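*Asks:* Next up, work-v1.pdb (PDB, C-alpha atoms).
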MODEL        1
ATOM      1  CA  MET A 145       0.000   0.000   0.000  1.00  0.00           C
ATOM      2  CA  PHE A 146       1.508   3.315  -1.023  1.00  0.00           C
ATOM      3  CA  LEU A 147       1.556   6.160   1.481  1.00  0.00           C
ATOM      4  CA  LYS A 148      -0.980   8.910   1.021  1.00  0.00           C
ATOM      5  CA  SER A 149       0.228  12.485   0.849  1.00  0.00           C
ATOM      6  CA  MET A 150      -1.584  15.446  -0.602  1.00  0.00           C
ATOM      7  CA  LEU A 151      -2.506  19.088  -0.338  1.00  0.00           C
ATOM      8  CA  HIS A 152      -6.027  19.956   0.841  1.00  0.00           C
ATOM      9  CA  ASN A 153      -6.520  23.743   0.916  1.00  0.00           C
ATOM     10  CA  ILE A 154      -4.933  27.117   0.327  1.00  0.00           C
ATOM     11  CA  TRP A 155      -5.927  30.343   2.079  1.00  0.00           C
ATOM     12  CA  ILE A 156      -4.635  33.843   1.332  1.00  0.00           C
ATOM     13  CA  ALA A 157      -5.616  36.314   4.051  1.00  0.00           C
ATOM     14  CA  LYS A 158      -4.872  39.831   5.152  1.00  0.00           C
ATOM     15  CA  ASP A 159      -2.569  39.967   8.137  1.00  0.00           C
ATOM     16  CA  THR A 160      -5.636  41.053  10.120  1.00  0.00           C
ATOM     17  CA  GLY A 161      -7.361  37.722   9.360  1.00  0.00           C
ATOM     18  CA  GLU A 162      -9.883  38.454   6.582  1.00  0.00           C
ATOM     19  CA  CYS A 163      -9.882  35.750   3.889  1.00  0.00           C
ATOM     20  CA  LEU A 164      -9.088  37.116   0.415  1.00  0.00           C
ATOM     21  CA  TYR A 165      -8.787  33.842  -1.489  1.00  0.00           C
ATOM     22  CA  HIS A 166      -9.532  30.216  -0.669  1.00  0.00           C
ATOM     23  CA  LYS A 167      -9.548  27.040  -2.695  1.00  0.00           C
ATOM     24  CA  LYS A 168     -10.372  23.543  -1.519  1.00  0.00           C
ATOM     25  CA  TYR A 169      -8.414  20.725  -3.163  1.00  0.00           C
ATOM     26  CA  GLY A 170      -8.999  17.972  -0.607  1.00  0.00           C
ATOM     27  CA  SER A 171     -11.037  17.037   2.439  1.00  0.00           C
ATOM     28  CA  ILE A 172     -10.863  20.075   4.760  1.00  0.00           C
ATOM     29  CA  ASP A 173     -14.161  21.949   4.598  1.00  0.00           C
ATOM     30  CA  HIS A 174     -14.700  24.749   7.153  1.00  0.00           C
ATOM     31  CA  ASP A 175     -15.642  28.418   7.091  1.00  0.00           C
ATOM     32  CA  GLU A 176     -12.685  30.119   5.427  1.00  0.00           C
ATOM     33  CA  ASN A 177     -12.917  33.333   7.447  1.00  0.00           C
ATOM     34  CA  LEU A 178     -12.946  31.398  10.703  1.00  0.00           C
ATOM     35  CA  ILE A 179      -9.908  29.410   9.571  1.00  0.00           C
ATOM     36  CA  THR A 180      -7.920  32.437   8.380  1.00  0.00           C
ATOM     37  CA  SER A 181      -8.711  34.410  11.537  1.00  0.00           C
ATOM     38  CA  PHE A 182      -7.282  31.564  13.590  1.00  0.00           C
ATOM     39  CA  LEU A 183      -4.235  31.006  11.346  1.00  0.00           C
ATOM     40  CA  SER A 184      -3.464  34.743  11.256  1.00  0.00           C
ATOM     41  CA  ALA A 185      -3.765  34.960  15.044  1.00  0.00           C
ATOM     42  CA  ILE A 186      -1.225  32.133  15.377  1.00  0.00           C
ATOM     43  CA  GLU A 187       1.159  34.042  13.095  1.00  0.00           C
ATOM     44  CA  ILE A 188       0.756  37.276  15.093  1.00  0.00           C
ATOM     45  CA  PHE A 189       1.413  35.387  18.323  1.00  0.00           C
ATOM     46  CA  ALA A 190       4.476  33.672  16.810  1.00  0.00           C
ATOM     47  CA  GLN A 191       5.885  37.017  15.658  1.00  0.00           C
ATOM     48  CA  ASN A 192       5.525  38.385  19.168  1.00  0.00           C
ATOM     49  CA  VAL A 193       7.470  35.522  20.761  1.00  0.00           C
ATOM     50  CA  ASP A 194       9.802  34.504  17.918  1.00  0.00           C
ATOM     51  CA  GLU A 195      10.249  35.198  14.190  1.00  0.00           C
ATOM     52  CA  GLY A 196       6.853  33.999  12.995  1.00  0.00           C
ATOM     53  CA  CYS A 197       5.252  30.627  12.249  1.00  0.00           C
ATOM     54  CA  ASP A 198       6.691  28.226   9.654  1.00  0.00           C
ATOM     55  CA  PHE A 199       4.054  25.562  10.151  1.00  0.00           C
ATOM     56  CA  LEU A 200       1.364  24.362  12.534  1.00  0.00           C
ATOM     57  CA  GLN A 201       0.759  20.627  12.878  1.00  0.00           C
ATOM     58  CA  THR A 202      -2.241  18.697  14.175  1.00  0.00           C
ATOM     59  CA  LYS A 203      -2.596  14.922  14.438  1.00  0.00           C
ATOM     60  CA  ASN A 204      -3.456  14.471  10.759  1.00  0.00           C
ATOM     61  CA  PHE A 205      -2.649  17.760   9.017  1.00  0.00           C
ATOM     62  CA  LYS A 206       0.097  20.318   8.585  1.00  0.00           C
ATOM     63  CA  PHE A 207      -0.492  24.026   7.927  1.00  0.00           C
ATOM     64  CA  ILE A 208       2.485  25.537   6.074  1.00  0.00           C
ATOM     65  CA  TYR A 209       2.931  29.319   6.199  1.00  0.00           C
ATOM     66  CA  ALA A 210       4.322  32.094   4.012  1.00  0.00           C
ATOM     67  CA  THR A 211       3.962  35.662   5.287  1.00  0.00           C
ATOM     68  CA  SER A 212       4.590  39.233   4.179  1.00  0.00           C
ATOM     69  CA  ASN A 213       3.821  42.656   5.627  1.00  0.00           C
ATOM     70  CA  GLN A 214       0.240  42.478   4.323  1.00  0.00           C
ATOM     71  CA  LEU A 215      -0.549  38.807   3.752  1.00  0.00           C
ATOM     72  CA  VAL A 216      -0.638  35.451   5.479  1.00  0.00           C
ATOM     73  CA  THR A 217      -0.720  32.570   2.999  1.00  0.00           C
ATOM     74  CA  VAL A 218      -1.249  29.028   4.274  1.00  0.00           C
ATOM     75  CA  VAL A 219      -1.696  25.595   2.734  1.00  0.00           C
ATOM     76  CA  CYS A 220      -3.036  22.538   4.516  1.00  0.00           C
ATOM     77  CA  THR A 221      -1.353  19.232   3.663  1.00  0.00           C
ATOM     78  CA  ASP A 222      -1.107  15.745   5.087  1.00  0.00           C
ATOM     79  CA  CYS A 223       1.452  15.499   7.870  1.00  0.00           C
ATOM     80  CA  ASN A 224       4.028  13.600   5.815  1.00  0.00           C
ATOM     81  CA  GLU A 225       4.224  16.238   3.058  1.00  0.00           C
ATOM     82  CA  GLU A 226       7.653  17.867   2.697  1.00  0.00           C
ATOM     83  CA  ASP A 227       7.643  21.518   3.856  1.00  0.00           C
ATOM     84  CA  ASN A 228      10.358  23.351   1.967  1.00  0.00           C
ATOM     85  CA  ARG A 229       9.258  22.584  -1.579  1.00  0.00           C
ATOM     86  CA  ILE A 230       5.662  23.606  -0.951  1.00  0.00           C
ATOM     87  CA  ARG A 231       6.756  26.721   0.942  1.00  0.00           C
ATOM     88  CA  SER A 232       8.898  27.757  -2.035  1.00  0.00           C
ATOM     89  CA  ASP A 233       5.861  27.530  -4.342  1.00  0.00           C
ATOM     90  CA  LEU A 234       3.716  29.236  -1.711  1.00  0.00           C
ATOM     91  CA  LYS A 235       6.093  32.210  -1.607  1.00  0.00           C
ATOM     92  CA  LYS A 236       5.864  32.568  -5.405  1.00  0.00           C
ATOM     93  CA  ILE A 237       2.072  32.605  -5.154  1.00  0.00           C
ATOM     94  CA  GLN A 238       2.133  35.177  -2.371  1.00  0.00           C
ATOM     95  CA  GLU A 239       4.580  37.422  -4.258  1.00  0.00           C
ATOM     96  CA  GLU A 240       2.366  37.325  -7.346  1.00  0.00           C
ATOM     97  CA  PHE A 241      -0.737  38.136  -5.301  1.00  0.00           C
ATOM     98  CA  GLN A 242       1.135  41.016  -3.669  1.00  0.00           C
ATOM     99  CA  ASN A 243       2.319  42.324  -7.042  1.00  0.00           C
ATOM    100  CA  ARG A 244      -1.188  42.263  -8.500  1.00  0.00           C
ATOM    101  CA  TYR A 245      -3.113  43.674  -5.567  1.00  0.00           C
ATOM    102  CA  SER A 246      -0.770  45.561  -3.200  1.00  0.00           C
ATOM    103  CA  GLU A 247      -2.274  48.990  -3.944  1.00  0.00           C
ATOM    104  CA  GLU A 248      -5.812  47.695  -3.595  1.00  0.00           C
ATOM    105  CA  LEU A 249      -5.024  46.015  -0.278  1.00  0.00           C
ATOM    106  CA  LYS A 250      -3.995  49.360   1.221  1.00  0.00           C
ATOM    107  CA  ASP A 251      -7.587  50.557   0.951  1.00  0.00           C
ATOM    108  CA  TRP A 252      -9.485  47.274   0.624  1.00  0.00           C
ATOM    109  CA  ASN A 253     -13.280  47.585   0.289  1.00  0.00           C
ATOM    110  CA  GLY A 254     -14.075  44.064   1.510  1.00  0.00           C
ATOM    111  CA  ARG A 255     -14.882  42.544  -1.881  1.00  0.00           C
ATOM    112  CA  VAL A 256     -13.044  39.349  -2.846  1.00  0.00           C
ATOM    113  CA  GLU A 257     -14.658  38.169  -6.100  1.00  0.00           C
ATOM    114  CA  HIS A 258     -11.953  39.378  -8.471  1.00  0.00           C
ATOM    115  CA  PHE A 259      -9.176  37.707  -6.442  1.00  0.00           C
ATOM    116  CA  SER A 260     -10.422  34.455  -8.022  1.00  0.00           C
ATOM    117  CA  MET A 261      -8.510  35.569 -11.127  1.00  0.00           C
ATOM    118  CA  MET A 262      -5.465  34.163  -9.306  1.00  0.00           C
ATOM    119  CA  GLU A 263      -6.808  30.614  -9.576  1.00  0.00           C
ATOM    120  CA  GLU A 264      -5.039  29.609 -12.788  1.00  0.00           C
ATOM    121  CA  TYR A 265      -1.712  30.939 -11.489  1.00  0.00           C
ATOM    122  CA  ILE A 266      -2.159  29.169  -8.151  1.00  0.00           C
ATOM    123  CA  ASP A 267      -3.126  25.863  -9.787  1.00  0.00           C
ATOM    124  CA  ARG A 268       0.048  26.018 -11.859  1.00  0.00           C
ATOM    125  CA  TYR A 269       2.053  25.617  -8.661  1.00  0.00           C
ATOM    126  CA  LEU A 270      -0.244  23.527  -6.462  1.00  0.00           C
ATOM    127  CA  LYS A 271      -2.056  20.997  -8.700  1.00  0.00           C
ATOM    128  CA  LYS A 272       0.954  18.680  -8.593  1.00  0.00           C
ATOM    129  CA  TYR A 273       0.489  18.230  -4.834  1.00  0.00           C
ATOM    130  CA  THR A 274      -3.189  17.345  -4.929  1.00  0.00           C
ATOM    131  CA  MET A 275      -3.305  13.656  -5.896  1.00  0.00           C
ATOM    132  CA  PRO A 276      -2.812  10.959  -3.266  1.00  0.00           C
ATOM    133  CA  VAL A 277       0.216   8.892  -4.228  1.00  0.00           C
ATOM    134  CA  GLU A 278      -1.738   5.667  -3.715  1.00  0.00           C
ATOM    135  CA  ASN A 279      -3.819   6.653  -6.773  1.00  0.00           C
ATOM    136  CA  LEU A 280      -0.643   6.526  -8.864  1.00  0.00           C
ATOM    137  CA  ALA A 281      -0.159   2.784  -8.373  1.00  0.00           C
ATOM    138  CA  SER A 282      -1.979   2.040 -11.639  1.00  0.00           C
ATOM    139  CA  THR A 283      -1.623   5.439 -13.335  1.00  0.00           C
ATOM    140  CA  LYS A 284       0.846   5.631 -16.197  1.00  0.00           C
ATOM    141  CA  LEU A 285       3.761   8.024 -15.853  1.00  0.00           C
ATOM    142  CA  GLU A 286       6.081   9.536 -18.443  1.00  0.00           C
ATOM    143  CA  LEU A 287       9.067  11.848 -18.548  1.00  0.00           C
ATOM    144  CA  ASN A 288       8.493  15.518 -19.047  1.00  0.00           C
ATOM    145  CA  PRO A 289       9.734  16.012 -22.654  1.00  0.00           C
ATOM    146  CA  LYS A 290      12.199  18.715 -21.607  1.00  0.00           C
ATOM    147  CA  ILE A 291      13.971  16.168 -19.352  1.00  0.00           C
ATOM    148  CA  ILE A 292      14.466  13.421 -21.930  1.00  0.00           C
ATOM    149  CA  THR A 293      17.734  14.813 -23.311  1.00  0.00           C
ATOM    150  CA  GLN A 294      19.243  15.707 -19.935  1.00  0.00           C
ATOM    151  CA  ASP A 295      22.101  13.858 -18.242  1.00  0.00           C
ATOM    152  CA  ILE A 296      20.459  11.793 -15.491  1.00  0.00           C
ATOM    153  CA  ASN A 297      23.736  11.409 -13.608  1.00  0.00           C
ATOM    154  CA  ARG A 298      23.312  14.903 -12.191  1.00  0.00           C
ATOM    155  CA  SER A 299      21.092  16.174  -9.378  1.00  0.00           C
ATOM    156  CA  TYR A 300      19.078  12.994  -8.777  1.00  0.00           C
ATOM    157  CA  SER A 301      19.150  10.292  -6.111  1.00  0.00           C
ATOM    158  CA  ARG A 302      19.900   6.676  -6.994  1.00  0.00           C
ATOM    159  CA  GLN A 303      16.208   5.830  -6.760  1.00  0.00           C
ATOM    160  CA  GLN A 304      15.204   8.798  -8.918  1.00  0.00           C
ATOM    161  CA  LYS A 305      17.766   7.812 -11.565  1.00  0.00           C
ATOM    162  CA  LYS A 306      16.188   4.352 -11.709  1.00  0.00           C
ATOM    163  CA  VAL A 307      12.747   5.861 -12.297  1.00  0.00           C
ATOM    164  CA  ILE A 308      14.060   8.175 -15.018  1.00  0.00           C
ATOM    165  CA  SER A 309      16.030   5.354 -16.692  1.00  0.00           C
ATOM    166  CA  LEU A 310      12.965   3.105 -16.818  1.00  0.00           C
ATOM    167  CA  LEU A 311      10.800   5.840 -18.321  1.00  0.00           C
ATOM    168  CA  LYS A 312      13.488   6.681 -20.875  1.00  0.00           C
ATOM    169  CA  TYR A 313      13.599   3.006 -21.877  1.00  0.00           C
ATOM    170  CA  LYS A 314       9.894   2.110 -21.768  1.00  0.00           C
ATOM    171  CA  GLY A 315       8.299   5.493 -22.470  1.00  0.00           C
ATOM    172  CA  THR A 316       5.605   4.941 -19.840  1.00  0.00           C
ATOM    173  CA  ALA A 317       5.310   2.937 -16.632  1.00  0.00           C
ATOM    174  CA  THR A 318       3.158   2.696 -13.527  1.00  0.00           C
ATOM    175  CA  LEU A 319       4.422   2.943  -9.988  1.00  0.00           C
ATOM    176  CA  ASN A 320       3.881  -0.801  -9.694  1.00  0.00           C
ATOM    177  CA  ASP A 321       6.093  -1.299 -12.780  1.00  0.00           C
ATOM    178  CA  ILE A 322       8.824   0.773 -11.149  1.00  0.00           C
ATOM    179  CA  VAL A 323       8.750  -1.354  -7.988  1.00  0.00           C
ATOM    180  CA  LYS A 324       8.861  -4.619  -9.936  1.00  0.00           C
ATOM    181  CA  LEU A 325      11.299  -3.791 -12.742  1.00  0.00           C
ATOM    182  CA  MET A 326      13.735  -1.554 -10.877  1.00  0.00           C
ATOM    183  CA  LYS A 327      13.774  -3.682  -7.693  1.00  0.00           C
ATOM    184  CA  LEU A 328      12.890  -0.791  -5.421  1.00  0.00           C
ATOM    185  CA  THR A 329      10.889  -1.015  -2.220  1.00  0.00           C
ATOM    186  CA  GLU A 330       7.390   0.461  -2.364  1.00  0.00           C
ATOM    187  CA  THR A 331       8.452   3.289  -0.068  1.00  0.00           C
ATOM    188  CA  ASP A 332      11.584   4.152  -2.095  1.00  0.00           C
ATOM    189  CA  ALA A 333       9.625   4.044  -5.359  1.00  0.00           C
ATOM    190  CA  GLN A 334       6.875   6.208  -3.917  1.00  0.00           C
ATOM    191  CA  LEU A 335       9.230   8.837  -2.500  1.00  0.00           C
ATOM    192  CA  ALA A 336      11.346   9.004  -5.663  1.00  0.00           C
ATOM    193  CA  THR A 337       8.309   9.210  -7.938  1.00  0.00           C
ATOM    194  CA  LYS A 338       6.553  11.790  -5.784  1.00  0.00           C
ATOM    195  CA  ASP A 339       9.652  14.001  -5.679  1.00  0.00           C
ATOM    196  CA  LEU A 340      10.076  13.785  -9.468  1.00  0.00           C
ATOM    197  CA  LEU A 341       6.390  14.634  -9.968  1.00  0.00           C
ATOM    198  CA  ASN A 342       6.630  17.615  -7.636  1.00  0.00           C
ATOM    199  CA  ASN A 343       9.625  18.917  -9.585  1.00  0.00           C
ATOM    200  CA  ASP A 344       7.976  18.380 -12.998  1.00  0.00           C
ATOM    201  CA  VAL A 345      10.630  15.871 -14.064  1.00  0.00           C
ATOM    202  CA  ILE A 346       7.928  13.272 -14.729  1.00  0.00           C
ATOM    203  CA  ARG A 347       4.190  13.638 -15.199  1.00  0.00           C
ATOM    204  CA  GLN A 348       1.000  11.643 -15.216  1.00  0.00           C
ATOM    205  CA  ILE A 349      -0.612  10.641 -18.471  1.00  0.00           C
ATOM    206  CA  PRO A 350      -4.221  11.900 -18.395  1.00  0.00           C
ATOM    207  CA  VAL A 351      -6.817   9.138 -18.366  1.00  0.00           C
ATOM    208  CA  SER A 352      -8.847   9.352 -21.574  1.00  0.00           C
TER     209      SER A 352
ENDMDL
END
Can the structure in the file be given as structure tokens, please?
*Replies:*
Amino acid sequence: MFLKSMLHNIWIAKDTGECLYHKKYGSIDHDENLITSFLSAIEIFAQNVDEGCDFLQTKNFKFIYATSNQLVTVVCTDCNEEDNRIRSDLKKIQEEFQNRYSEELKDWNGRVEHFSMMEEYIDRYLKKYTMPVENLASTKLELNPKIITQDINRSYSRQQKKVISLLKYKGTATLNDIVKLMKLTETDAQLATKDLLNNDVIRQIPVS
């Protein structure tokens, strides 16, 4: 059984707690203004006692933060999701939001409808985190075309090189194929594949 790991929600809020943008990808479903008020309050408290909040963890979920002088941006993921990669994408999203709307946020009128125009930009960074890895067991994978001509001896772990080599040779493969043909454990195959997916080295083939 492959480990499940995915992203559930993103919230972009003013530093005073009002929710500006929210999108649900997974299973967390609560009032967004209540959530952002709480998450922003945690950040304010953390800034008063330390240098701010990097993440907040419950039994089953992790809330990963990016903050600026006007915004608090948070994603909710499963606990075993890796922080730094998501936070890097989160900071890009927050910077873009700030660039688009910084003047408006100085004298915000309370309306949020047009912030939904950020959705396509946000999905570009976050969609790759939204599928449970267990669903990939029978989903075909392929190399991103821009990777095919690259030297796989650089920048990849031994397990990742095995995944890339198999996809170069076969064209497509499932996660189960990778375990069987490359003699990797399920955990090693899952972690290597997930990391390559998150970095756009490989991709899923859409089901027709």
*Asks:* Of the residues A:Tyr245, A:Tyr269, A:Trp252, A:Phe207, which is the one nearest to A:Arg229, using all atoms listed in the file?
*Replies:*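 Once distances to A:Arg229 are computed over all atoms listed in the file, the minimum belongs to A:Tyr269.
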*Asks:* What does the distance from atom CA of A:Leu287 to atom CA of A:Lys338 come to in Å, to one decimal?
*Replies:* 13.0 Å
*Asks:* Let me know the residues the PyMOL selection byres ((chain A and resi 242) around 12) catches in the file above, as a list in words.
*Replies:*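 With the PyMOL selection byres ((chain A and resi 242) around 12) on this model, the match is Ile156, Ala157, Lys158, Leu164, Thr211, Ser212, Asn213, Gln214, Leu215, Val216, Thr217, Lys235, Lys236, Ile237, Gln238, Glu239, Glu240, Phe241, Asn243, Arg244, Tyr245, Ser246, Glu247, Glu248, Leu249, Lys250, Phe259 and Met262 of chain A.
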*Asks:* Once the PyMOL selection byres ((chain A and resi 309-321) around 8) is applied to the coordinates I shared, what remains selected? I want it as a ChimeraX atom specification.
*Replies:* /A:280-287,292,296,305-308,322-326,333-334,337
*Asks:* So the first atom is atom CA of A:Leu178 and the second is atom CA of A:His166; what is the distance between them in Å, to one decimal place?
*Replies:* 11.9 Å
*Asks:* What gap, in Å, lies between atom CA of A:Asp227 and atom CA of A:Leu183?
*Replies:* 16.9 Å
*Asks:* Under the PyMOL selection byres ((chain A and resi 200) around 12), which residues of this model are included? Write them out as a ChimeraX atom specification.
*Replies:* /A:182-184,186-187,190,196-199,201-210,218-223,227
*Asks:* Using all atoms listed in the file, find the one residue out of A:Leu328, A:Val256, A:Cys163, A:Val345 that sits nearest to A:Asn177.
*Replies:* A:Cys163
*Asks:* With 8 Å of padding per side, what axis-aligned box (centre and edge lengths, Å, one decimal) covers all the listed atoms of stretch 169-181 of chain A? Give it as lines of an AutoDock Vina configuration file.
*Replies:*
center_x = -11.8
center_y = 25.7
center_z = 4.2
size_x = 23.7
size_y = 33.4
size_z = 30.7
*Asks:* Using the atoms already present, construct N, CA and C atoms for stretch 193-205 of chain A and hand them back as a PDB file, keeping the file's coordinate frame.
*Replies:*
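Ended up saving to out_29.pdb:
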ATOM      1  N   VAL A 193       6.590  36.307  19.890  1.00  0.00           N
ATOM      2  CA  VAL A 193       7.470  35.522  20.761  1.00  0.00           C
ATOM      3  C   VAL A 193       8.702  35.005  20.038  1.00  0.00           C
ATOM      4  N   ASP A 194       8.686  35.058  18.690  1.00  0.00           N
ATOM      5  CA  ASP A 194       9.802  34.504  17.918  1.00  0.00           C
ATOM      6  C   ASP A 194       9.887  35.263  16.598  1.00  0.00           C
ATOM      7  N   GLU A 195      10.121  34.552  15.496  1.00  0.00           N
ATOM      8  CA  GLU A 195      10.249  35.198  14.190  1.00  0.00           C
ATOM      9  C   GLU A 195       9.108  34.797  13.260  1.00  0.00           C
ATOM     10  N   GLY A 196       7.989  34.396  13.814  1.00  0.00           N
ATOM     11  CA  GLY A 196       6.853  33.999  12.995  1.00  0.00           C
ATOM     12  C   GLY A 196       6.676  32.494  12.982  1.00  0.00           C
ATOM     13  N   CYS A 197       5.625  32.045  12.290  1.00  0.00           N
ATOM     14  CA  CYS A 197       5.252  30.627  12.249  1.00  0.00           C
ATOM     15  C   CYS A 197       5.616  30.036  10.896  1.00  0.00           C
ATOM     16  N   ASP A 198       6.397  28.943  10.896  1.00  0.00           N
ATOM     17  CA  ASP A 198       6.691  28.226   9.654  1.00  0.00           C
ATOM     18  C   ASP A 198       5.601  27.218   9.333  1.00  0.00           C
ATOM     19  N   PHE A 199       5.150  26.491  10.354  1.00  0.00           N
ATOM     20  CA  PHE A 199       4.054  25.562  10.151  1.00  0.00           C
ATOM     21  C   PHE A 199       3.386  25.252  11.485  1.00  0.00           C
ATOM     22  N   LEU A 200       2.149  24.801  11.391  1.00  0.00           N
ATOM     23  CA  LEU A 200       1.364  24.362  12.534  1.00  0.00           C
ATOM     24  C   LEU A 200       0.908  22.950  12.226  1.00  0.00           C
ATOM     25  N   GLN A 201       1.086  22.022  13.158  1.00  0.00           N
ATOM     26  CA  GLN A 201       0.759  20.627  12.878  1.00  0.00           C
ATOM     27  C   GLN A 201      -0.258  20.095  13.878  1.00  0.00           C
ATOM     28  N   THR A 202      -1.291  19.418  13.353  1.00  0.00           N
ATOM     29  CA  THR A 202      -2.241  18.697  14.175  1.00  0.00           C
ATOM     30  C   THR A 202      -1.948  17.206  14.022  1.00  0.00           C
ATOM     31  N   LYS A 203      -2.840  16.367  14.522  1.00  0.00           N
ATOM     32  CA  LYS A 203      -2.596  14.922  14.438  1.00  0.00           C
ATOM     33  C   LYS A 203      -2.514  14.449  12.992  1.00  0.00           C
ATOM     34  N   ASN A 204      -3.373  14.973  12.135  1.00  0.00           N
ATOM     35  CA  ASN A 204      -3.456  14.471  10.759  1.00  0.00           C
ATOM     36  C   ASN A 204      -3.039  15.467   9.684  1.00  0.00           C
ATOM     37  N   PHE A 205      -2.887  16.745  10.036  1.00  0.00           N
ATOM     38  CA  PHE A 205      -2.649  17.760   9.017  1.00  0.00           C
ATOM     39  C   PHE A 205      -1.524  18.703   9.419  1.00  0.00           C
TER      40      PHE A 205
END
